[in-house]
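Trainee: Sharing target.pdb (PDB, N, CA and C atoms) below.
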```pdb
ATOM      1  N   MET A   1      54.121  29.415-249.903  1.00  0.00           N
ATOM      2  CA  MET A   1      55.456  29.328-249.369  1.00  0.00           C
ATOM      3  C   MET A   1      56.119  28.084-249.970  1.00  0.00           C
ATOM      4  N   ILE A   2      57.376  28.204-250.333  1.00  0.00           N
ATOM      5  CA  ILE A   2      58.167  27.095-250.841  1.00  0.00           C
ATOM      6  C   ILE A   2      58.979  26.503-249.682  1.00  0.00           C
ATOM      7  N   VAL A   3      58.879  25.214-249.499  1.00  0.00           N
ATOM      8  CA  VAL A   3      59.606  24.507-248.443  1.00  0.00           C
ATOM      9  C   VAL A   3      60.672  23.640-249.103  1.00  0.00           C
ATOM     10  N   ILE A   4      61.869  23.664-248.557  1.00  0.00           N
ATOM     11  CA  ILE A   4      62.968  22.868-249.082  1.00  0.00           C
ATOM     12  C   ILE A   4      63.182  21.680-248.153  1.00  0.00           C
ATOM     13  N   ASN A   5      62.959  20.493-248.682  1.00  0.00           N
ATOM     14  CA  ASN A   5      62.986  19.260-247.890  1.00  0.00           C
ATOM     15  C   ASN A   5      64.318  18.513-248.003  1.00  0.00           C
ATOM     16  N   ILE A   6      65.419  19.211-247.842  1.00  0.00           N
ATOM     17  CA  ILE A   6      66.725  18.556-247.941  1.00  0.00           C
ATOM     18  C   ILE A   6      66.920  17.581-246.779  1.00  0.00           C
ATOM     19  N   ASP A   7      66.481  17.929-245.584  1.00  0.00           N
ATOM     20  CA  ASP A   7      66.641  17.036-244.430  1.00  0.00           C
ATOM     21  C   ASP A   7      65.952  15.695-244.657  1.00  0.00           C
ATOM     22  N   VAL A   8      64.773  15.733-245.262  1.00  0.00           N
ATOM     23  CA  VAL A   8      64.033  14.502-245.543  1.00  0.00           C
ATOM     24  C   VAL A   8      64.834  13.620-246.492  1.00  0.00           C
ATOM     25  N   MET A   9      65.368  14.235-247.549  1.00  0.00           N
ATOM     26  CA  MET A   9      66.131  13.470-248.528  1.00  0.00           C
ATOM     27  C   MET A   9      67.440  12.948-247.928  1.00  0.00           C
ATOM     28  N   LEU A  10      68.072  13.741-247.072  1.00  0.00           N
ATOM     29  CA  LEU A  10      69.299  13.285-246.403  1.00  0.00           C
ATOM     30  C   LEU A  10      69.012  12.055-245.553  1.00  0.00           C
ATOM     31  N   ALA A  11      67.912  12.079-244.833  1.00  0.00           N
ATOM     32  CA  ALA A  11      67.549  10.939-243.983  1.00  0.00           C
ATOM     33  C   ALA A  11      67.268   9.698-244.829  1.00  0.00           C
ATOM     34  N   ARG A  12      66.560   9.881-245.936  1.00  0.00           N
ATOM     35  CA  ARG A  12      66.242   8.751-246.816  1.00  0.00           C
ATOM     36  C   ARG A  12      67.503   8.136-247.425  1.00  0.00           C
ATOM     37  N   ARG A  13      68.478   8.994-247.702  1.00  0.00           N
ATOM     38  CA  ARG A  13      69.715   8.524-248.340  1.00  0.00           C
ATOM     39  C   ARG A  13      70.793   8.169-247.316  1.00  0.00           C
ATOM     40  N   LYS A  14      70.494   8.380-246.032  1.00  0.00           N
ATOM     41  CA  LYS A  14      71.450   8.125-244.952  1.00  0.00           C
ATOM     42  C   LYS A  14      72.781   8.822-245.237  1.00  0.00           C
ATOM     43  N   MET A  15      72.664  10.109-245.539  1.00  0.00           N
ATOM     44  CA  MET A  15      73.818  10.934-245.897  1.00  0.00           C
ATOM     45  C   MET A  15      73.904  12.103-244.924  1.00  0.00           C
ATOM     46  N   SER A  16      75.115  12.523-244.610  1.00  0.00           N
ATOM     47  CA  SER A  16      75.299  13.670-243.719  1.00  0.00           C
ATOM     48  C   SER A  16      75.248  14.965-244.515  1.00  0.00           C
ATOM     49  N   SER A  17      74.986  16.042-243.818  1.00  0.00           N
ATOM     50  CA  SER A  17      74.983  17.364-244.453  1.00  0.00           C
ATOM     51  C   SER A  17      76.351  17.695-245.029  1.00  0.00           C
ATOM     52  N   GLY A  18      77.395  17.346-244.296  1.00  0.00           N
ATOM     53  CA  GLY A  18      78.749  17.616-244.754  1.00  0.00           C
ATOM     54  C   GLY A  18      79.075  16.884-246.045  1.00  0.00           C
ATOM     55  N   GLU A  19      78.645  15.637-246.123  1.00  0.00           N
ATOM     56  CA  GLU A  19      78.880  14.857-247.338  1.00  0.00           C
ATOM     57  C   GLU A  19      78.124  15.458-248.517  1.00  0.00           C
ATOM     58  N   LEU A  20      76.871  15.862-248.284  1.00  0.00           N
ATOM     59  CA  LEU A  20      76.086  16.477-249.353  1.00  0.00           C
ATOM     60  C   LEU A  20      76.725  17.777-249.816  1.00  0.00           C
ATOM     61  N   ALA A  21      77.126  18.618-248.884  1.00  0.00           N
ATOM     62  CA  ALA A  21      77.760  19.890-249.240  1.00  0.00           C
ATOM     63  C   ALA A  21      78.990  19.647-250.107  1.00  0.00           C
ATOM     64  N   GLN A  22      79.786  18.650-249.737  1.00  0.00           N
ATOM     65  CA  GLN A  22      80.997  18.333-250.497  1.00  0.00           C
ATOM     66  C   GLN A  22      80.639  17.847-251.896  1.00  0.00           C
ATOM     67  N   ARG A  23      79.655  16.964-252.010  1.00  0.00           N
ATOM     68  CA  ARG A  23      79.252  16.439-253.320  1.00  0.00           C
ATOM     69  C   ARG A  23      78.691  17.521-254.229  1.00  0.00           C
ATOM     70  N   VAL A  24      77.959  18.465-253.638  1.00  0.00           N
ATOM     71  CA  VAL A  24      77.321  19.528-254.418  1.00  0.00           C
ATOM     72  C   VAL A  24      78.308  20.647-254.735  1.00  0.00           C
ATOM     73  N   GLY A  25      79.298  20.822-253.877  1.00  0.00           N
ATOM     74  CA  GLY A  25      80.277  21.882-254.097  1.00  0.00           C
ATOM     75  C   GLY A  25      79.873  23.211-253.502  1.00  0.00           C
ATOM     76  N   ILE A  26      79.109  23.146-252.394  1.00  0.00           N
ATOM     77  CA  ILE A  26      78.743  24.368-251.672  1.00  0.00           C
ATOM     78  C   ILE A  26      79.236  24.242-250.233  1.00  0.00           C
ATOM     79  N   SER A  27      79.311  25.358-249.560  1.00  0.00           N
ATOM     80  CA  SER A  27      79.789  25.335-248.182  1.00  0.00           C
ATOM     81  C   SER A  27      78.710  24.758-247.265  1.00  0.00           C
ATOM     82  N   PRO A  28      79.123  24.159-246.163  1.00  0.00           N
ATOM     83  CA  PRO A  28      78.134  23.678-245.184  1.00  0.00           C
ATOM     84  C   PRO A  28      77.229  24.809-244.684  1.00  0.00           C
ATOM     85  N   ALA A  29      77.771  26.028-244.592  1.00  0.00           N
ATOM     86  CA  ALA A  29      76.954  27.167-244.154  1.00  0.00           C
ATOM     87  C   ALA A  29      75.852  27.471-245.165  1.00  0.00           C
ATOM     88  N   ASN A  30      76.184  27.431-246.446  1.00  0.00           N
ATOM     89  CA  ASN A  30      75.164  27.689-247.472  1.00  0.00           C
ATOM     90  C   ASN A  30      74.132  26.573-247.522  1.00  0.00           C
ATOM     91  N   LEU A  31      74.564  25.337-247.298  1.00  0.00           N
ATOM     92  CA  LEU A  31      73.613  24.232-247.244  1.00  0.00           C
ATOM     93  C   LEU A  31      72.672  24.414-246.055  1.00  0.00           C
ATOM     94  N   SER A  32      73.197  24.869-244.943  1.00  0.00           N
ATOM     95  CA  SER A  32      72.376  25.120-243.763  1.00  0.00           C
ATOM     96  C   SER A  32      71.318  26.192-244.046  1.00  0.00           C
ATOM     97  N   ILE A  33      71.703  27.226-244.770  1.00  0.00           N
ATOM     98  CA  ILE A  33      70.754  28.282-245.133  1.00  0.00           C
ATOM     99  C   ILE A  33      69.630  27.711-245.986  1.00  0.00           C
ATOM    100  N   LEU A  34      69.965  26.813-246.904  1.00  0.00           N
ATOM    101  CA  LEU A  34      68.934  26.164-247.721  1.00  0.00           C
ATOM    102  C   LEU A  34      68.030  25.287-246.860  1.00  0.00           C
ATOM    103  N   LYS A  35      68.636  24.495-245.979  1.00  0.00           N
ATOM    104  CA  LYS A  35      67.874  23.571-245.148  1.00  0.00           C
ATOM    105  C   LYS A  35      66.896  24.278-244.219  1.00  0.00           C
ATOM    106  N   THR A  36      67.286  25.432-243.715  1.00  0.00           N
ATOM    107  CA  THR A  36      66.425  26.142-242.764  1.00  0.00           C
ATOM    108  C   THR A  36      65.386  27.020-243.452  1.00  0.00           C
ATOM    109  N   GLY A  37      65.446  27.104-244.776  1.00  0.00           N
ATOM    110  CA  GLY A  37      64.462  27.897-245.505  1.00  0.00           C
ATOM    111  C   GLY A  37      64.756  29.380-245.501  1.00  0.00           C
ATOM    112  N   LYS A  38      65.959  29.767-245.140  1.00  0.00           N
ATOM    113  CA  LYS A  38      66.312  31.182-245.080  1.00  0.00           C
ATOM    114  C   LYS A  38      66.885  31.706-246.387  1.00  0.00           C
ATOM    115  N   ALA A  39      67.058  30.823-247.369  1.00  0.00           N
ATOM    116  CA  ALA A  39      67.613  31.239-248.658  1.00  0.00           C
ATOM    117  C   ALA A  39      66.603  32.101-249.415  1.00  0.00           C
ATOM    118  N   LYS A  40      67.092  33.137-250.055  1.00  0.00           N
ATOM    119  CA  LYS A  40      66.245  34.013-250.866  1.00  0.00           C
ATOM    120  C   LYS A  40      66.163  33.525-252.306  1.00  0.00           C
ATOM    121  N   ALA A  41      67.130  32.717-252.719  1.00  0.00           N
ATOM    122  CA  ALA A  41      67.183  32.225-254.097  1.00  0.00           C
ATOM    123  C   ALA A  41      67.909  30.889-254.122  1.00  0.00           C
ATOM    124  N   LEU A  42      67.679  30.136-255.182  1.00  0.00           N
ATOM    125  CA  LEU A  42      68.339  28.861-255.385  1.00  0.00           C
ATOM    126  C   LEU A  42      68.664  28.754-256.867  1.00  0.00           C
ATOM    127  N   ARG A  43      69.935  28.651-257.184  1.00  0.00           N
ATOM    128  CA  ARG A  43      70.343  28.527-258.578  1.00  0.00           C
ATOM    129  C   ARG A  43      69.891  27.180-259.137  1.00  0.00           C
ATOM    130  N   ILE A  44      69.509  27.206-260.391  1.00  0.00           N
ATOM    131  CA  ILE A  44      69.104  25.971-261.057  1.00  0.00           C
ATOM    132  C   ILE A  44      70.268  24.983-261.071  1.00  0.00           C
ATOM    133  N   SER A  45      71.478  25.468-261.252  1.00  0.00           N
ATOM    134  CA  SER A  45      72.645  24.574-261.265  1.00  0.00           C
ATOM    135  C   SER A  45      72.846  23.916-259.894  1.00  0.00           C
ATOM    136  N   THR A  46      72.558  24.653-258.815  1.00  0.00           N
ATOM    137  CA  THR A  46      72.668  24.077-257.472  1.00  0.00           C
ATOM    138  C   THR A  46      71.575  23.035-257.258  1.00  0.00           C
ATOM    139  N   LEU A  47      70.362  23.343-257.706  1.00  0.00           N
ATOM    140  CA  LEU A  47      69.263  22.380-257.603  1.00  0.00           C
ATOM    141  C   LEU A  47      69.600  21.116-258.395  1.00  0.00           C
ATOM    142  N   ASP A  48      70.175  21.280-259.577  1.00  0.00           N
ATOM    143  CA  ASP A  48      70.578  20.142-260.395  1.00  0.00           C
ATOM    144  C   ASP A  48      71.616  19.303-259.650  1.00  0.00           C
ATOM    145  N   SER A  49      72.596  19.951-259.053  1.00  0.00           N
ATOM    146  CA  SER A  49      73.639  19.233-258.300  1.00  0.00           C
ATOM    147  C   SER A  49      73.057  18.518-257.088  1.00  0.00           C
ATOM    148  N   LEU A  50      72.115  19.155-256.402  1.00  0.00           N
ATOM    149  CA  LEU A  50      71.450  18.517-255.262  1.00  0.00           C
ATOM    150  C   LEU A  50      70.712  17.260-255.714  1.00  0.00           C
ATOM    151  N   CYS A  51      69.996  17.376-256.824  1.00  0.00           N
ATOM    152  CA  CYS A  51      69.237  16.235-257.342  1.00  0.00           C
ATOM    153  C   CYS A  51      70.160  15.089-257.745  1.00  0.00           C
ATOM    154  N   LYS A  52      71.289  15.413-258.364  1.00  0.00           N
ATOM    155  CA  LYS A  52      72.246  14.371-258.743  1.00  0.00           C
ATOM    156  C   LYS A  52      72.821  13.693-257.507  1.00  0.00           C
ATOM    157  N   ALA A  53      73.207  14.481-256.514  1.00  0.00           N
ATOM    158  CA  ALA A  53      73.822  13.931-255.305  1.00  0.00           C
ATOM    159  C   ALA A  53      72.834  13.088-254.495  1.00  0.00           C
ATOM    160  N   LEU A  54      71.570  13.494-254.505  1.00  0.00           N
ATOM    161  CA  LEU A  54      70.557  12.790-253.717  1.00  0.00           C
ATOM    162  C   LEU A  54      69.759  11.781-254.545  1.00  0.00           C
ATOM    163  N   ASP A  55      70.067  11.689-255.831  1.00  0.00           N
ATOM    164  CA  ASP A  55      69.370  10.784-256.744  1.00  0.00           C
ATOM    165  C   ASP A  55      67.853  10.968-256.643  1.00  0.00           C
ATOM    166  N   CYS A  56      67.429  12.200-256.910  1.00  0.00           N
ATOM    167  CA  CYS A  56      66.011  12.526-256.809  1.00  0.00           C
ATOM    168  C   CYS A  56      65.646  13.557-257.879  1.00  0.00           C
ATOM    169  N   SER A  57      64.405  13.983-257.887  1.00  0.00           N
ATOM    170  CA  SER A  57      63.957  15.020-258.802  1.00  0.00           C
ATOM    171  C   SER A  57      63.682  16.297-258.000  1.00  0.00           C
ATOM    172  N   PRO A  58      63.583  17.451-258.667  1.00  0.00           N
ATOM    173  CA  PRO A  58      63.343  18.706-257.945  1.00  0.00           C
ATOM    174  C   PRO A  58      62.091  18.672-257.066  1.00  0.00           C
ATOM    175  N   GLY A  59      61.068  17.955-257.501  1.00  0.00           N
ATOM    176  CA  GLY A  59      59.841  17.856-256.719  1.00  0.00           C
ATOM    177  C   GLY A  59      60.007  17.118-255.406  1.00  0.00           C
ATOM    178  N   ASP A  60      61.070  16.327-255.296  1.00  0.00           N
ATOM    179  CA  ASP A  60      61.360  15.646-254.039  1.00  0.00           C
ATOM    180  C   ASP A  60      61.974  16.597-253.020  1.00  0.00           C
ATOM    181  N   ILE A  61      62.594  17.668-253.512  1.00  0.00           N
ATOM    182  CA  ILE A  61      63.270  18.634-252.653  1.00  0.00           C
ATOM    183  C   ILE A  61      62.396  19.851-252.373  1.00  0.00           C
ATOM    184  N   LEU A  62      61.708  20.336-253.412  1.00  0.00           N
ATOM    185  CA  LEU A  62      60.907  21.547-253.282  1.00  0.00           C
ATOM    186  C   LEU A  62      59.435  21.209-253.131  1.00  0.00           C
ATOM    187  N   GLU A  63      58.785  21.898-252.224  1.00  0.00           N
ATOM    188  CA  GLU A  63      57.346  21.681-251.963  1.00  0.00           C
ATOM    189  C   GLU A  63      56.679  23.033-251.785  1.00  0.00           C
ATOM    190  N   HIS A  64      55.489  23.176-252.372  1.00  0.00           N
ATOM    191  CA  HIS A  64      54.718  24.407-252.195  1.00  0.00           C
ATOM    192  C   HIS A  64      53.631  24.163-251.151  1.00  0.00           C
ATOM    193  N   ARG A  65      53.603  25.040-250.150  1.00  0.00           N
ATOM    194  CA  ARG A  65      52.564  24.979-249.119  1.00  0.00           C
ATOM    195  C   ARG A  65      51.819  26.305-249.121  1.00  0.00           C
ATOM    196  N   PRO A  66      50.519  26.274-249.210  1.00  0.00           N
ATOM    197  CA  PRO A  66      49.753  27.521-249.174  1.00  0.00           C
ATOM    198  C   PRO A  66      49.988  28.267-247.856  1.00  0.00           C
ATOM    199  N   GLY A  67      49.953  29.582-247.956  1.00  0.00           N
ATOM    200  CA  GLY A  67      50.081  30.406-246.751  1.00  0.00           C
ATOM    201  C   GLY A  67      51.440  30.889-246.599  1.00  0.00           C
TER
END
```
Go through the file and emit its structure as structure tokens.

Mentor:
Amino acid sequence: MIVINIDVMLARRKMSSGELAQRVGISPANLSILKTGKAKALRISTLDSLCKALDCSPGDILEHRPG
């Protein structure tokens, strides 16, 4: 299972979800879908924008957990 750790990165950066959504250029609803793990897909361009906004690498956001 792939886990998306956007909440962890938001807390580390002391940034709100709304601010991140605005910086990335996605709706708060779509960001919520990513945060809750309900997304079926994630565009590479969106991942790139998330990494730029959060000043991190993809491995900081995405995690693989067995099961």

Trainee: Can you check which residues of chain A DSSP gives as alpha helix (DSSP H) on the backbone and send them as a ChimeraX atom specification?

Mentor: /A:6-13,17-24,28-35,44-54,58-61

Trainee: Create the file for the chosen residues now, containing N, CA and C atoms and written as an mmCIF file, keeping the file's coordinate frame.

Mentor:
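Written out: again_31.cif:
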```
data_model
loop_
_atom_site.group_PDB
_atom_site.id
_atom_site.type_symbol
_atom_site.label_atom_id
_atom_site.label_comp_id
_atom_site.auth_asym_id
_atom_site.auth_seq_id
_atom_site.Cartn_x
_atom_site.Cartn_y
_atom_site.Cartn_z
ATOM 1 N N ILE A 6 65.419 19.211 -247.842
ATOM 2 C CA ILE A 6 66.725 18.556 -247.941
ATOM 3 C C ILE A 6 66.920 17.581 -246.779
ATOM 4 N N ASP A 7 66.481 17.929 -245.584
ATOM 5 C CA ASP A 7 66.641 17.036 -244.430
ATOM 6 C C ASP A 7 65.952 15.695 -244.657
ATOM 7 N N VAL A 8 64.773 15.733 -245.262
ATOM 8 C CA VAL A 8 64.033 14.502 -245.543
ATOM 9 C C VAL A 8 64.834 13.620 -246.492
ATOM 10 N N MET A 9 65.368 14.235 -247.549
ATOM 11 C CA MET A 9 66.131 13.470 -248.528
ATOM 12 C C MET A 9 67.440 12.948 -247.928
ATOM 13 N N LEU A 10 68.072 13.741 -247.072
ATOM 14 C CA LEU A 10 69.299 13.285 -246.403
ATOM 15 C C LEU A 10 69.012 12.055 -245.553
ATOM 16 N N ALA A 11 67.912 12.079 -244.833
ATOM 17 C CA ALA A 11 67.549 10.939 -243.983
ATOM 18 C C ALA A 11 67.268 9.698 -244.829
ATOM 19 N N ARG A 12 66.560 9.881 -245.936
ATOM 20 C CA ARG A 12 66.242 8.751 -246.816
ATOM 21 C C ARG A 12 67.503 8.136 -247.425
ATOM 22 N N ARG A 13 68.478 8.994 -247.702
ATOM 23 C CA ARG A 13 69.715 8.524 -248.340
ATOM 24 C C ARG A 13 70.793 8.169 -247.316
ATOM 25 N N SER A 17 74.986 16.042 -243.818
ATOM 26 C CA SER A 17 74.983 17.364 -244.453
ATOM 27 C C SER A 17 76.351 17.695 -245.029
ATOM 28 N N GLY A 18 77.395 17.346 -244.296
ATOM 29 C CA GLY A 18 78.749 17.616 -244.754
ATOM 30 C C GLY A 18 79.075 16.884 -246.045
ATOM 31 N N GLU A 19 78.645 15.637 -246.123
ATOM 32 C CA GLU A 19 78.880 14.857 -247.338
ATOM 33 C C GLU A 19 78.124 15.458 -248.517
ATOM 34 N N LEU A 20 76.871 15.862 -248.284
ATOM 35 C CA LEU A 20 76.086 16.477 -249.353
ATOM 36 C C LEU A 20 76.725 17.777 -249.816
ATOM 37 N N ALA A 21 77.126 18.618 -248.884
ATOM 38 C CA ALA A 21 77.760 19.890 -249.240
ATOM 39 C C ALA A 21 78.990 19.647 -250.107
ATOM 40 N N GLN A 22 79.786 18.650 -249.737
ATOM 41 C CA GLN A 22 80.997 18.333 -250.497
ATOM 42 C C GLN A 22 80.639 17.847 -251.896
ATOM 43 N N ARG A 23 79.655 16.964 -252.010
ATOM 44 C CA ARG A 23 79.252 16.439 -253.320
ATOM 45 C C ARG A 23 78.691 17.521 -254.229
ATOM 46 N N VAL A 24 77.959 18.465 -253.638
ATOM 47 C CA VAL A 24 77.321 19.528 -254.418
ATOM 48 C C VAL A 24 78.308 20.647 -254.735
ATOM 49 N N PRO A 28 79.123 24.159 -246.163
ATOM 50 C CA PRO A 28 78.134 23.678 -245.184
ATOM 51 C C PRO A 28 77.229 24.809 -244.684
ATOM 52 N N ALA A 29 77.771 26.028 -244.592
ATOM 53 C CA ALA A 29 76.954 27.167 -244.154
ATOM 54 C C ALA A 29 75.852 27.471 -245.165
ATOM 55 N N ASN A 30 76.184 27.431 -246.446
ATOM 56 C CA ASN A 30 75.164 27.689 -247.472
ATOM 57 C C ASN A 30 74.132 26.573 -247.522
ATOM 58 N N LEU A 31 74.564 25.337 -247.298
ATOM 59 C CA LEU A 31 73.613 24.232 -247.244
ATOM 60 C C LEU A 31 72.672 24.414 -246.055
ATOM 61 N N SER A 32 73.197 24.869 -244.943
ATOM 62 C CA SER A 32 72.376 25.120 -243.763
ATOM 63 C C SER A 32 71.318 26.192 -244.046
ATOM 64 N N ILE A 33 71.703 27.226 -244.770
ATOM 65 C CA ILE A 33 70.754 28.282 -245.133
ATOM 66 C C ILE A 33 69.630 27.711 -245.986
ATOM 67 N N LEU A 34 69.965 26.813 -246.904
ATOM 68 C CA LEU A 34 68.934 26.164 -247.721
ATOM 69 C C LEU A 34 68.030 25.287 -246.860
ATOM 70 N N LYS A 35 68.636 24.495 -245.979
ATOM 71 C CA LYS A 35 67.874 23.571 -245.148
ATOM 72 C C LYS A 35 66.896 24.278 -244.219
ATOM 73 N N ILE A 44 69.509 27.206 -260.391
ATOM 74 C CA ILE A 44 69.104 25.971 -261.057
ATOM 75 C C ILE A 44 70.268 24.983 -261.071
ATOM 76 N N SER A 45 71.478 25.468 -261.252
ATOM 77 C CA SER A 45 72.645 24.574 -261.265
ATOM 78 C C SER A 45 72.846 23.916 -259.894
ATOM 79 N N THR A 46 72.558 24.653 -258.815
ATOM 80 C CA THR A 46 72.668 24.077 -257.472
ATOM 81 C C THR A 46 71.575 23.035 -257.258
ATOM 82 N N LEU A 47 70.362 23.343 -257.706
ATOM 83 C CA LEU A 47 69.263 22.380 -257.603
ATOM 84 C C LEU A 47 69.600 21.116 -258.395
ATOM 85 N N ASP A 48 70.175 21.280 -259.577
ATOM 86 C CA ASP A 48 70.578 20.142 -260.395
ATOM 87 C C ASP A 48 71.616 19.303 -259.650
ATOM 88 N N SER A 49 72.596 19.951 -259.053
ATOM 89 C CA SER A 49 73.639 19.233 -258.300
ATOM 90 C C SER A 49 73.057 18.518 -257.088
ATOM 91 N N LEU A 50 72.115 19.155 -256.402
ATOM 92 C CA LEU A 50 71.450 18.517 -255.262
ATOM 93 C C LEU A 50 70.712 17.260 -255.714
ATOM 94 N N CYS A 51 69.996 17.376 -256.824
ATOM 95 C CA CYS A 51 69.237 16.235 -257.342
ATOM 96 C C CYS A 51 70.160 15.089 -257.745
ATOM 97 N N LYS A 52 71.289 15.413 -258.364
ATOM 98 C CA LYS A 52 72.246 14.371 -258.743
ATOM 99 C C LYS A 52 72.821 13.693 -257.507
ATOM 100 N N ALA A 53 73.207 14.481 -256.514
ATOM 101 C CA ALA A 53 73.822 13.931 -255.305
ATOM 102 C C ALA A 53 72.834 13.088 -254.495
ATOM 103 N N LEU A 54 71.570 13.494 -254.505
ATOM 104 C CA LEU A 54 70.557 12.790 -253.717
ATOM 105 C C LEU A 54 69.759 11.781 -254.545
ATOM 106 N N PRO A 58 63.583 17.451 -258.667
ATOM 107 C CA PRO A 58 63.343 18.706 -257.945
ATOM 108 C C PRO A 58 62.091 18.672 -257.066
ATOM 109 N N GLY A 59 61.068 17.955 -257.501
ATOM 110 C CA GLY A 59 59.841 17.856 -256.719
ATOM 111 C C GLY A 59 60.007 17.118 -255.406
ATOM 112 N N ASP A 60 61.070 16.327 -255.296
ATOM 113 C CA ASP A 60 61.360 15.646 -254.039
ATOM 114 C C ASP A 60 61.974 16.597 -253.020
ATOM 115 N N ILE A 61 62.594 17.668 -253.512
ATOM 116 C CA ILE A 61 63.270 18.634 -252.653
ATOM 117 C C ILE A 61 62.396 19.851 -252.373
#
```

Trainee: For this file, the PyMOL selection byres ((chain A and resi 3-20) around 7) selects which residues, as an MDAnalysis selection string?

Mentor: chainID A and resid 1:2 21:26 28 34:35 37 53:54 60:65

Trainee: If you measure from atom CA of Asn30 of chain A to atom CA of Pro66 of chain A, what distance in Å do you get, rounded to one decimal?

Mentor: 25.5 Å

Trainee: Output as AutoDock Vina command-line options the centre and edge lengths (Å, one decimal) of the box along x, y and z of the file that holds every listed atom of segment 29-47 of chain A after adding 8 Å on each side.

Mentor:
```
--center_x 71.1 --center_y 27.6 --center_z -252.0 --size_x 29.3 --size_y 28.9 --size_z 34.5
```
